[in-house]
$ cat structure29.txt   # compact mmCIF, C-alpha atoms
# COMPACT_ATOMS: atom_id res chain seq x y z
CA MET A 1 -10.78 4.80 -5.74
CA GLY A 2 -8.65 7.28 -3.80
CA PRO A 3 -5.00 6.27 -4.28
CA VAL A 4 -4.08 7.42 -0.75
CA ALA A 5 -6.95 5.43 0.75
CA SER A 6 -6.01 2.38 -1.35
CA ALA A 7 -2.40 2.52 -0.14
CA ASP A 8 -3.64 2.98 3.42
CA PHE A 9 -5.88 -0.09 3.11
CA VAL A 10 -3.06 -2.29 1.81
CA ALA A 11 -0.81 -1.14 4.67
CA ARG A 12 -3.55 -1.92 7.19
CA LEU A 13 -4.17 -5.39 5.74
CA VAL A 14 -0.46 -6.15 6.09
CA ALA A 15 -0.15 -4.66 9.59
CA SER A 16 -3.30 -6.43 10.83
CA ALA A 17 -2.60 -9.85 9.34
CA GLY A 18 -0.90 -10.94 12.55
CA ALA A 19 1.80 -12.57 10.44
CA LEU A 20 5.24 -13.41 11.76
CA ALA A 21 6.77 -14.22 8.38
CA ASP A 22 6.05 -13.43 4.74
CA THR A 23 4.48 -16.80 4.11
CA GLU A 24 1.83 -16.20 6.79
CA HIS A 25 0.48 -13.19 4.89
CA PRO A 26 -2.37 -13.48 2.44
CA ARG A 27 -1.60 -12.71 -1.18
CA ILE A 28 -2.89 -9.23 -2.00
CA LEU A 29 -3.88 -8.09 -5.48
CA LEU A 30 -4.57 -4.38 -5.76
CA ASP A 31 -6.14 -2.42 -8.60
CA SER A 32 -5.88 1.24 -7.62
CA ASN A 33 -7.65 2.86 -10.54
CA PRO A 34 -8.10 6.63 -10.61
CA GLY A 35 -9.98 6.27 -13.90
CA VAL A 36 -13.24 5.04 -12.33
CA PRO A 37 -15.96 7.57 -13.24
CA ASP A 38 -16.67 10.17 -10.57
CA ARG A 39 -19.12 8.85 -7.97
CA ASN A 40 -20.50 12.26 -7.01
CA ALA A 41 -21.26 13.25 -10.61
CA ALA A 42 -22.89 9.86 -11.22
CA ALA A 43 -25.03 10.19 -8.08
CA ARG A 44 -26.24 13.56 -9.42
CA GLY A 45 -27.11 11.87 -12.70
CA GLU A 46 -24.52 14.02 -14.46
CA GLY A 47 -21.83 11.52 -15.35
CA ALA A 48 -21.13 7.99 -16.46
CA SER A 49 -21.87 5.19 -14.00
CA PRO A 50 -18.86 3.75 -12.16
CA GLY A 51 -20.52 0.32 -12.46
CA PRO A 52 -18.90 -0.96 -15.66
CA ALA A 53 -15.39 0.05 -14.51
CA LEU A 54 -15.92 -1.61 -11.13
CA ALA A 55 -17.23 -4.75 -12.83
CA ALA A 56 -14.19 -4.87 -15.13
CA MET A 57 -11.81 -4.40 -12.17
CA ALA A 58 -13.57 -7.16 -10.21
CA ARG A 59 -13.38 -9.54 -13.17
CA GLY A 60 -9.69 -8.73 -13.61
CA LEU A 61 -8.89 -9.41 -9.96
CA VAL A 62 -10.91 -12.64 -9.85
CA GLY A 63 -9.29 -13.71 -13.12
CA ALA A 64 -5.92 -13.18 -11.41
CA GLY A 65 -7.00 -15.44 -8.58
CA ALA A 66 -8.76 -13.23 -6.04
CA GLU A 67 -11.26 -15.12 -3.87
CA VAL A 68 -12.21 -12.23 -1.58
CA LEU A 69 -12.98 -8.74 -2.90
CA ALA A 70 -12.95 -5.52 -0.90
CA MET A 71 -13.35 -1.91 -2.03
CA PRO A 72 -12.02 0.80 0.33
CA CYS A 73 -14.31 3.54 -1.04
CA ASN A 74 -17.63 4.24 0.62
CA ALA A 75 -19.34 6.17 -2.17
CA ALA A 76 -18.50 3.51 -4.75
CA HIS A 77 -20.59 1.05 -2.72
CA GLY A 78 -23.57 2.68 -4.41
CA TRP A 79 -22.54 0.51 -7.38
CA SER A 80 -21.41 -2.58 -5.45
CA ASP A 81 -24.05 -4.73 -7.17
CA ALA A 82 -21.99 -4.35 -10.35
CA ILE A 83 -19.14 -6.12 -8.52
CA ARG A 84 -21.37 -8.84 -7.06
CA ASN A 85 -22.92 -9.50 -10.48
CA ALA A 86 -19.57 -9.48 -12.30
CA ALA A 87 -17.80 -11.76 -9.83
CA PRO A 88 -20.38 -14.01 -8.16
CA GLU A 89 -17.71 -16.64 -7.45
CA ALA A 90 -15.81 -14.29 -5.10
CA ARG A 91 -16.81 -13.20 -1.62
CA PHE A 92 -17.44 -9.43 -1.69
CA VAL A 93 -16.87 -7.90 1.74
CA ASP A 94 -19.31 -4.98 1.92
CA MET A 95 -17.64 -2.13 3.80
CA VAL A 96 -20.89 -0.22 4.28
CA ALA A 97 -22.91 -3.21 5.55
CA GLU A 98 -20.11 -4.22 7.93
CA THR A 99 -19.80 -0.66 9.25
CA VAL A 100 -23.55 -0.25 9.69
CA ALA A 101 -23.59 -3.46 11.75
CA ALA A 102 -20.69 -2.16 13.86
CA ALA A 103 -22.46 1.20 14.37
CA ILE A 104 -25.67 -0.49 15.51
CA ALA A 105 -23.65 -2.58 17.97
CA ARG A 106 -22.37 0.62 19.61
CA ARG A 107 -25.91 1.34 20.91
CA VAL A 108 -25.96 5.12 20.58
CA PRO A 109 -29.26 6.83 19.57
CA ARG A 110 -27.77 9.41 17.18
CA VAL A 111 -24.98 8.71 14.70
CA GLY A 112 -23.03 11.36 12.78
CA VAL A 113 -21.90 10.48 9.26
CA VAL A 114 -19.02 12.29 7.54
CA ALA A 115 -19.24 11.53 3.84
CA VAL A 116 -19.11 12.99 0.38
CA GLN A 117 -22.25 13.95 -1.51
CA ALA A 118 -22.75 10.64 -3.31
CA THR A 119 -22.73 8.63 -0.08
CA HIS A 120 -25.41 10.88 1.42
CA ALA A 121 -27.46 11.19 -1.79
CA LEU A 122 -27.56 7.42 -2.22
CA GLY A 123 -28.47 6.95 1.46
CA LEU A 124 -25.72 4.35 1.80
CA TYR A 125 -25.45 4.82 5.57
CA SER A 126 -28.60 6.80 6.45
CA ARG A 127 -31.07 4.29 5.02
CA PRO A 128 -29.88 1.17 6.90
CA LEU A 129 -29.09 3.12 10.09
CA GLU A 130 -32.54 4.75 10.13
CA GLN A 131 -34.16 1.41 9.37
CA ALA A 132 -32.43 0.15 12.53
CA GLY A 133 -34.07 2.99 14.49
CA LEU A 134 -31.04 5.29 14.76
CA ALA A 135 -31.13 9.01 14.04
CA VAL A 136 -28.56 10.04 11.43
CA ILE A 137 -26.87 13.44 11.32
CA GLU A 138 -24.98 14.23 8.15
CA ALA A 139 -21.90 16.45 8.00
CA ASP A 140 -22.04 19.41 5.62
CA PRO A 141 -21.26 17.78 2.25
CA GLN A 142 -19.54 20.88 0.84
CA LYS A 143 -17.18 21.26 3.81
CA THR A 144 -16.54 17.53 3.67
CA ALA A 145 -15.81 17.68 -0.06
CA LEU A 146 -13.29 20.49 0.47
CA LEU A 147 -11.54 18.52 3.21
CA VAL A 148 -11.48 15.31 1.15
CA LYS A 149 -10.02 17.21 -1.78
CA ARG A 150 -7.22 18.50 0.46
CA VAL A 151 -6.42 15.01 1.74
CA LYS A 152 -6.44 13.59 -1.78
CA ALA A 153 -3.88 16.27 -2.66
CA GLY A 154 -1.67 14.96 0.15
CA ASP A 155 -2.49 17.59 2.78
CA LEU A 156 -2.42 15.81 6.17
CA SER A 157 -1.32 18.99 7.95
CA ARG A 158 -2.37 20.24 11.36
CA ASP A 159 -4.67 22.68 9.56
CA ALA A 160 -6.40 19.85 7.70
CA ARG A 161 -6.74 17.95 10.98
CA GLN A 162 -8.31 21.04 12.57
CA ALA A 163 -10.83 21.27 9.72
CA ALA A 164 -11.72 17.62 10.35
CA ALA A 165 -12.10 18.27 14.07
CA ASP A 166 -14.41 21.23 13.30
CA LEU A 167 -16.59 19.02 11.08
CA ALA A 168 -16.75 16.47 13.89
CA ALA A 169 -17.59 19.10 16.50
CA GLY A 170 -20.51 20.28 14.37
CA LEU A 171 -21.98 16.78 14.41
CA VAL A 172 -21.50 16.42 18.17
CA ALA A 173 -23.21 19.79 18.71
CA ARG A 174 -26.20 18.36 16.85
CA GLY A 175 -26.33 15.35 19.18
CA ALA A 176 -24.16 12.70 17.53
CA GLY A 177 -22.71 10.22 20.03
CA LEU A 178 -20.71 8.31 17.43
CA LEU A 179 -19.07 9.52 14.23
CA VAL A 180 -18.84 7.28 11.17
CA MET A 181 -15.92 8.38 8.97
CA ALA A 182 -17.74 7.31 5.83
CA CYS A 183 -15.14 8.54 3.37
CA THR A 184 -11.79 6.71 3.35
CA GLU A 185 -9.84 9.99 3.31
CA ILE A 186 -11.30 11.15 6.65
CA PRO A 187 -9.43 8.70 8.95
CA LEU A 188 -6.21 10.14 7.58
CA VAL A 189 -6.98 13.45 9.36
CA LEU A 190 -9.43 12.49 12.12
CA ALA A 191 -8.42 10.27 15.02
CA PRO A 192 -9.25 9.85 18.71
CA ASP A 193 -6.74 12.56 19.62
CA ASN A 194 -8.54 15.27 17.64
CA SER A 195 -12.14 14.06 17.69
CA PRO A 196 -14.78 15.25 20.21
CA ALA A 197 -16.67 11.93 20.02
CA PRO A 198 -15.99 8.22 19.53
CA LEU A 199 -15.15 7.33 15.95
CA LEU A 200 -16.05 4.41 13.73
CA ASP A 201 -13.61 3.89 10.88
CA PRO A 202 -15.03 1.88 7.95
CA THR A 203 -11.49 1.19 6.66
CA ALA A 204 -10.64 -0.47 9.99
CA VAL A 205 -13.91 -2.42 9.92
CA LEU A 206 -13.17 -3.47 6.32
CA THR A 207 -9.63 -4.54 7.22
CA SER A 208 -10.83 -6.89 9.96
CA ALA A 209 -13.72 -8.22 7.89
CA THR A 210 -11.51 -8.80 4.84
CA LEU A 211 -8.86 -10.70 6.81
CA ALA A 212 -11.60 -12.74 8.52
CA ALA A 213 -13.15 -13.55 5.14
CA ALA A 214 -9.74 -14.51 3.75
CA ARG A 215 -9.18 -16.88 6.67
CA ARG A 216 -12.64 -18.43 6.20
CA THR A 217 -12.11 -18.74 2.46
CA GLY A 218 -8.77 -20.43 3.10
CA VAL A 219 -6.91 -17.85 1.03
CA GLN A 220 -3.33 -18.90 0.28
CA ALA A 221 -0.96 -18.60 3.23
CA PHE A 222 -3.79 -18.59 5.76
CA ASP A 223 -4.21 -22.38 5.51
CA MET B 1 8.01 -10.17 -1.99
CA GLY B 2 7.86 -8.84 1.56
CA PRO B 3 4.28 -7.71 2.23
CA VAL B 4 5.44 -4.82 4.43
CA ALA B 5 7.89 -3.66 1.76
CA SER B 6 5.20 -3.98 -0.93
CA ALA B 7 2.75 -1.87 1.06
CA ASP B 8 5.53 0.66 1.72
CA PHE B 9 6.32 0.88 -2.00
CA VAL B 10 2.67 1.49 -2.95
CA ALA B 11 2.42 4.22 -0.30
CA ARG B 12 5.60 5.86 -1.63
CA LEU B 13 4.38 5.76 -5.24
CA VAL B 14 1.19 7.51 -4.16
CA ALA B 15 2.95 10.05 -1.95
CA SER B 16 5.57 10.83 -4.58
CA ALA B 17 3.25 11.09 -7.58
CA GLY B 18 2.90 14.83 -7.02
CA ALA B 19 -0.81 14.49 -7.70
CA LEU B 20 -3.36 17.05 -6.59
CA ALA B 21 -6.41 14.92 -7.40
CA ASP B 22 -7.19 11.23 -7.86
CA THR B 23 -7.20 11.50 -11.62
CA GLU B 24 -3.61 12.75 -11.67
CA HIS B 25 -2.36 9.51 -10.12
CA PRO B 26 -1.14 6.60 -12.20
CA ARG B 27 -3.18 3.42 -12.01
CA ILE B 28 -1.36 0.95 -9.74
CA LEU B 29 -1.72 -2.81 -10.01
CA LEU B 30 -0.09 -4.72 -7.15
CA ASP B 31 0.57 -8.43 -6.81
CA SER B 32 1.94 -8.93 -3.30
CA ASN B 33 2.63 -12.63 -3.35
CA PRO B 34 4.15 -14.31 -0.29
CA GLY B 35 4.14 -17.60 -2.18
CA VAL B 36 7.18 -16.81 -4.34
CA PRO B 37 9.85 -19.43 -3.57
CA ASP B 38 12.44 -18.35 -1.02
CA ARG B 39 15.25 -16.37 -2.65
CA ASN B 40 17.89 -17.29 -0.10
CA ALA B 41 17.23 -21.02 -0.40
CA ALA B 42 17.26 -20.75 -4.19
CA ALA B 43 20.57 -18.86 -4.16
CA ARG B 44 22.04 -21.69 -2.07
CA GLY B 45 20.76 -24.14 -4.67
CA GLU B 46 18.49 -25.69 -2.04
CA GLY B 47 15.06 -24.65 -3.22
CA ALA B 48 12.87 -24.00 -6.22
CA SER B 49 13.70 -21.03 -8.43
CA PRO B 50 11.56 -17.93 -7.91
CA GLY B 51 11.74 -17.37 -11.70
CA PRO B 52 8.55 -19.13 -12.82
CA ALA B 53 6.45 -17.44 -10.12
CA LEU B 54 7.88 -14.02 -11.02
CA ALA B 55 7.23 -14.68 -14.71
CA ALA B 56 3.62 -15.66 -13.99
CA MET B 57 3.09 -12.55 -11.87
CA ALA B 58 4.58 -10.32 -14.59
CA ARG B 59 2.35 -11.89 -17.24
CA GLY B 60 -0.67 -11.43 -14.99
CA LEU B 61 0.08 -7.75 -14.39
CA VAL B 62 0.79 -7.04 -18.05
CA GLY B 63 -2.35 -8.94 -19.00
CA ALA B 64 -4.25 -6.62 -16.66
CA GLY B 65 -2.80 -3.62 -18.46
CA ALA B 66 0.51 -2.84 -16.75
CA GLU B 67 2.97 -1.00 -19.01
CA VAL B 68 5.70 -0.45 -16.41
CA LEU B 69 6.86 -3.19 -14.03
CA ALA B 70 8.73 -2.70 -10.77
CA MET B 71 9.70 -5.21 -8.07
CA PRO B 72 10.48 -3.80 -4.60
CA CYS B 73 12.64 -6.76 -3.56
CA ASN B 74 16.39 -6.66 -4.06
CA ALA B 75 17.17 -10.37 -3.77
CA ALA B 76 14.49 -11.29 -6.30
CA HIS B 77 16.38 -9.24 -8.89
CA GLY B 78 18.62 -12.28 -9.19
CA TRP B 79 15.76 -13.68 -11.29
CA SER B 80 14.71 -10.45 -13.02
CA ASP B 81 15.48 -11.94 -16.45
CA ALA B 82 12.45 -14.18 -15.92
CA ILE B 83 10.33 -11.02 -15.77
CA ARG B 84 11.98 -9.40 -18.79
CA ASN B 85 11.56 -12.57 -20.84
CA ALA B 86 7.95 -13.11 -19.74
CA ALA B 87 6.85 -9.53 -20.37
CA PRO B 88 9.05 -8.01 -23.09
CA GLU B 89 6.31 -5.53 -24.02
CA ALA B 90 6.51 -3.83 -20.61
CA ARG B 91 9.24 -1.54 -19.31
CA PHE B 92 10.92 -3.27 -16.34
CA VAL B 93 12.46 -0.72 -13.98
CA ASP B 94 15.49 -2.46 -12.49
CA MET B 95 15.82 -1.42 -8.85
CA VAL B 96 19.35 -2.79 -8.54
CA ALA B 97 20.67 -1.15 -11.73
CA GLU B 98 19.07 2.18 -10.83
CA THR B 99 20.51 2.03 -7.30
CA VAL B 100 23.98 1.07 -8.51
CA ALA B 101 23.93 4.09 -10.83
CA ALA B 102 22.84 6.32 -7.95
CA ALA B 103 25.60 4.90 -5.70
CA ILE B 104 28.28 5.53 -8.33
CA ALA B 105 27.05 9.11 -8.67
CA ARG B 106 27.71 9.68 -4.96
CA ARG B 107 31.48 9.41 -5.63
CA VAL B 108 32.55 7.61 -2.45
CA PRO B 109 35.38 5.04 -2.67
CA ARG B 110 33.86 2.45 -0.31
CA VAL B 111 30.21 1.46 -0.23
CA GLY B 112 28.55 -0.61 2.48
CA VAL B 113 25.76 -2.96 1.44
CA VAL B 114 23.15 -4.23 3.88
CA ALA B 115 21.44 -7.21 2.28
CA VAL B 116 20.26 -10.75 2.84
CA GLN B 117 22.36 -13.73 1.84
CA ALA B 118 20.93 -14.18 -1.66
CA THR B 119 21.73 -10.60 -2.67
CA HIS B 120 25.34 -11.01 -1.57
CA ALA B 121 25.72 -14.56 -2.94
CA LEU B 122 24.43 -13.49 -6.36
CA GLY B 123 26.69 -10.41 -6.33
CA LEU B 124 23.74 -8.23 -7.28
CA TYR B 125 25.33 -5.09 -5.89
CA SER B 126 28.97 -6.08 -5.37
CA ARG B 127 29.62 -7.12 -8.98
CA PRO B 128 28.51 -3.90 -10.73
CA LEU B 129 29.85 -1.65 -7.97
CA GLU B 130 33.26 -3.34 -8.06
CA GLN B 131 33.25 -3.19 -11.86
CA ALA B 132 32.82 0.58 -11.45
CA GLY B 133 35.93 0.63 -9.27
CA LEU B 134 34.25 0.92 -5.88
CA ALA B 135 35.16 -1.18 -2.86
CA VAL B 136 32.18 -3.03 -1.43
CA ILE B 137 31.79 -3.90 2.26
CA GLU B 138 29.02 -6.35 3.07
CA ALA B 139 27.09 -6.36 6.34
CA ASP B 140 27.07 -9.60 8.30
CA PRO B 141 24.41 -11.66 6.49
CA GLN B 142 23.31 -13.53 9.61
CA LYS B 143 22.77 -10.37 11.66
CA THR B 144 21.02 -8.84 8.66
CA ALA B 145 18.78 -11.90 8.28
CA LEU B 146 17.79 -11.72 11.95
CA LEU B 147 16.91 -8.04 11.63
CA VAL B 148 14.95 -8.56 8.41
CA LYS B 149 13.01 -11.38 10.04
CA ARG B 150 12.07 -9.05 12.92
CA VAL B 151 10.88 -6.32 10.54
CA LYS B 152 8.88 -8.82 8.49
CA ALA B 153 7.20 -9.83 11.75
CA GLY B 154 6.19 -6.18 12.23
CA ASP B 155 8.87 -5.19 14.75
CA LEU B 156 9.75 -1.55 14.02
CA SER B 157 10.63 -0.89 17.67
CA ARG B 158 13.43 1.24 19.07
CA ASP B 159 15.30 -1.99 19.75
CA ALA B 160 15.03 -3.05 16.09
CA ARG B 161 16.20 0.42 15.04
CA GLN B 162 19.17 0.09 17.38
CA ALA B 163 20.09 -3.25 15.81
CA ALA B 164 19.97 -1.56 12.39
CA ALA B 165 22.16 1.29 13.63
CA ASP B 166 24.65 -1.26 14.99
CA LEU B 167 24.83 -3.01 11.62
CA ALA B 168 25.40 0.35 9.94
CA ALA B 169 28.10 1.32 12.48
CA GLY B 170 29.95 -1.91 11.71
CA LEU B 171 30.12 -0.97 8.03
CA VAL B 172 31.27 2.58 8.78
CA ALA B 173 33.99 1.19 11.08
CA ARG B 174 35.21 -0.82 8.08
CA GLY B 175 35.41 2.34 5.94
CA ALA B 176 32.06 2.62 4.23
CA GLY B 177 31.16 6.20 3.28
CA LEU B 178 27.72 5.33 1.92
CA LEU B 179 25.30 2.62 2.97
CA VAL B 180 23.05 0.92 0.44
CA MET B 181 19.97 -0.48 2.20
CA ALA B 182 19.77 -3.36 -0.23
CA CYS B 183 16.88 -5.16 1.40
CA THR B 184 13.50 -3.41 1.31
CA GLU B 185 12.87 -4.10 5.00
CA ILE B 186 15.96 -2.12 6.12
CA PRO B 187 14.64 1.42 5.36
CA LEU B 188 11.78 0.67 7.73
CA VAL B 189 14.25 0.68 10.66
CA LEU B 190 17.23 2.68 9.36
CA ALA B 191 16.99 6.39 8.54
CA PRO B 192 19.19 9.48 8.65
CA ASP B 193 18.35 10.00 12.33
CA ASN B 194 19.83 6.67 13.43
CA SER B 195 22.50 6.05 10.78
CA PRO B 196 26.19 6.92 11.21
CA ALA B 197 26.65 7.45 7.43
CA PRO B 198 24.69 8.69 4.41
CA LEU B 199 22.10 6.20 3.20
CA LEU B 200 20.96 5.12 -0.22
CA ASP B 201 17.48 3.63 -0.25
CA PRO B 202 16.74 1.44 -3.27
CA THR B 203 12.99 1.69 -2.60
CA ALA B 204 13.22 5.49 -2.89
CA VAL B 205 15.32 5.15 -6.06
CA LEU B 206 12.78 2.68 -7.45
CA THR B 207 9.88 4.99 -6.59
CA SER B 208 11.37 7.90 -8.54
CA ALA B 209 12.45 5.72 -11.45
CA THR B 210 9.06 4.01 -11.67
CA LEU B 211 7.12 7.27 -11.68
CA ALA B 212 9.52 8.69 -14.28
CA ALA B 213 9.07 5.59 -16.45
CA ALA B 214 5.29 5.83 -16.07
CA ARG B 215 5.37 9.45 -17.21
CA ARG B 216 7.55 8.57 -20.19
CA THR B 217 5.33 5.62 -21.06
CA GLY B 218 2.29 7.86 -20.87
CA VAL B 219 0.62 5.65 -18.30
CA GLN B 220 -3.03 6.52 -17.79
CA ALA B 221 -3.62 9.70 -15.79
CA PHE B 222 -0.13 10.99 -16.49
CA ASP B 223 -1.18 12.10 -19.97
$ encode --input "structure29.txt" --output "structure tokens"
Amino acid sequence: MGPVASADFVARLVASAGALADTEHPRILLDSNPGVPDRNAAARGEGASPGPALAAMARGLVGAGAEVLAMPCNAAHGWSDAIRNAAPEARFVDMVAETVAAAIARRVPRVGVVAVQATHALGLYSRPLEQAGLAVIEADPQKTALLVKRVKAGDLSRDARQAAADLAAGLVARGAGLLVMACTEIPLVLAPDNSPAPLLDPTAVLTSATLAAARRTGVQAFD
Amino acid sequence: MGPVASADFVARLVASAGALADTEHPRILLDSNPGVPDRNAAARGEGASPGPALAAMARGLVGAGAEVLAMPCNAAHGWSDAIRNAAPEARFVDMVAETVAAAIARRVPRVGVVAVQATHALGLYSRPLEQAGLAVIEADPQKTALLVKRVKAGDLSRDARQAAADLAAGLVARGAGLLVMACTEIPLVLAPDNSPAPLLDPTAVLTSATLAAARRTGVQAFD
């Protein structure tokens, strides 16, 4: 949903494809649509559901030939069933499920989650992580929202990176041994060099899982 | 056509949109298709024309709602009529025409052009620049092809940047006062800090022209 995060995801897919020539890359179809209804408002029950827009985008991409679908927006995964139902013939790579599996594999007892309100309110990460026996510590949603808004406006400054580090430090102070950057804008300002704890980046997890799914599906140029 | 160049163009559109929130961005539909027939082979008359693939991609994008079309590949502009004919209802922003206009505006007598074989063979830049009374100096197409191949393989190293600077120096030695980076991989390794002459970057020209066309067209979220 975030245009910066969408561009970042495309760049990562290309950089991670391990391709030595154009023809070794998978074909990529992108629909970066800022018109999808606001996920936070919808999670509060105050706005239209993003579901129909996501379903229409999925149908458009599959109609154009997409065999693997990925959505680099954590909060929107609250409506991922709309995509699965609209495009059952495609393989939907679930960023949240893949990241939860990667977090569990890290074997830390307490996981910090940096996310916007909708992601927390819908329990997208807390529910499956707690079901797996992990304690979940959530970053202040208002501070996170302010930071995400800055990044969406293009602010990747040192000051924005400090605000991200402060958010991270708050989670570590409350016992988090691993930080899940569960909003795709966060990895743009939080990295190993300014984080007080190990990070898990859902966009990176999604990149690997999407390329692996494309290879398994035999997507063009991976044959 | 080049996946790295496509990802770079999307990132530039997002960064240059001047948007302060998601909803101020234009919707972006990308078809990054490494399966388009090779432009150099086609220009030599040795391979299939890229035209039908470009026409199909244009129809797909317009069918999905695109009102403005842009193609961040110089050589493929040799077949841009296929796009115009396939999608007459959309505004095609011609990267080569826009860049030629920008080069003429710089008022230098001799322009260097760094491009792959097809771009030179089809006279995409040399014909209109010479018609405007400018002398055109072409970079060695074999050295350029080698460099482009490295960049496409992900090599943005200091060594690749040195090879780009050497190419540029050769053009300056032959009298070029402005260098047109007429292959979208070149700006990834050539920049003001390693170029001996002022640069003109068609991808940057295309970014501005595309955003301007989107504003004029009233593309969603620019209203």
$ interface_residues --input "structure29.txt" --of "chain B" --to "chain A" --cutoff "9 Å" --atoms "all atoms listed in the file" --output "PyMOL selection string"
chain B and resi 1-4+6-8+10-12+14-15+18-36+60-61+64+149-150+152-154+220-221
$ atom_distance --input "structure29.txt" --atom1 "CA of Asp140 in chain B" --atom2 "CA of Pro72 in chain B"
21.8 Å
$ residues_near_point --input "structure29.txt" --point "(-13.4, -1.9, 5.8)" --cutoff "8 Å" --atoms "only C-alpha atoms" --output "list in words"
Ala70, Met71, Pro72, Asp94, Met95, Val96, Glu98, Thr99, Asp201, Pro202, Thr203, Ala204, Val205, Leu206, Thr207, Ser208, Ala209 and Thr210 of chain A
$ residues_near_point --input "structure29.txt" --point "(-12.4, 15.1, 3.9)" --cutoff "10 Å" --atoms "all atoms listed in the file" --output "MDAnalysis selection string"
chainID A and resid 114:116 141:152 160:161 163:164 167 181:190
$ residues_around --input "structure29.txt" --residues "Ala173 in chain A" --least-positions-apart "6" --cutoff "12 Å" --atoms "all atoms listed in the file" --output "MDAnalysis selection string"
chainID A and resid 110:112 137 139 166:167 179 196:197
$ closest_residue --input "structure29.txt" --among "A:Arg106, A:Ala191, A:Ala48, A:Glu67" --to "Trp79 in chain A" --atoms "only C-alpha atoms"
A:Ala48
$ atom_distance --input "structure29.txt" --atom1 "CA of Ala132 in chain A" --atom2 "CA of Leu199 in chain A"
19.0 Å
$ atom_distance --input "structure29.txt" --atom1 "CA of Asn40 in chain B" --atom2 "CA of Ala118 in chain B"
4.6 Å
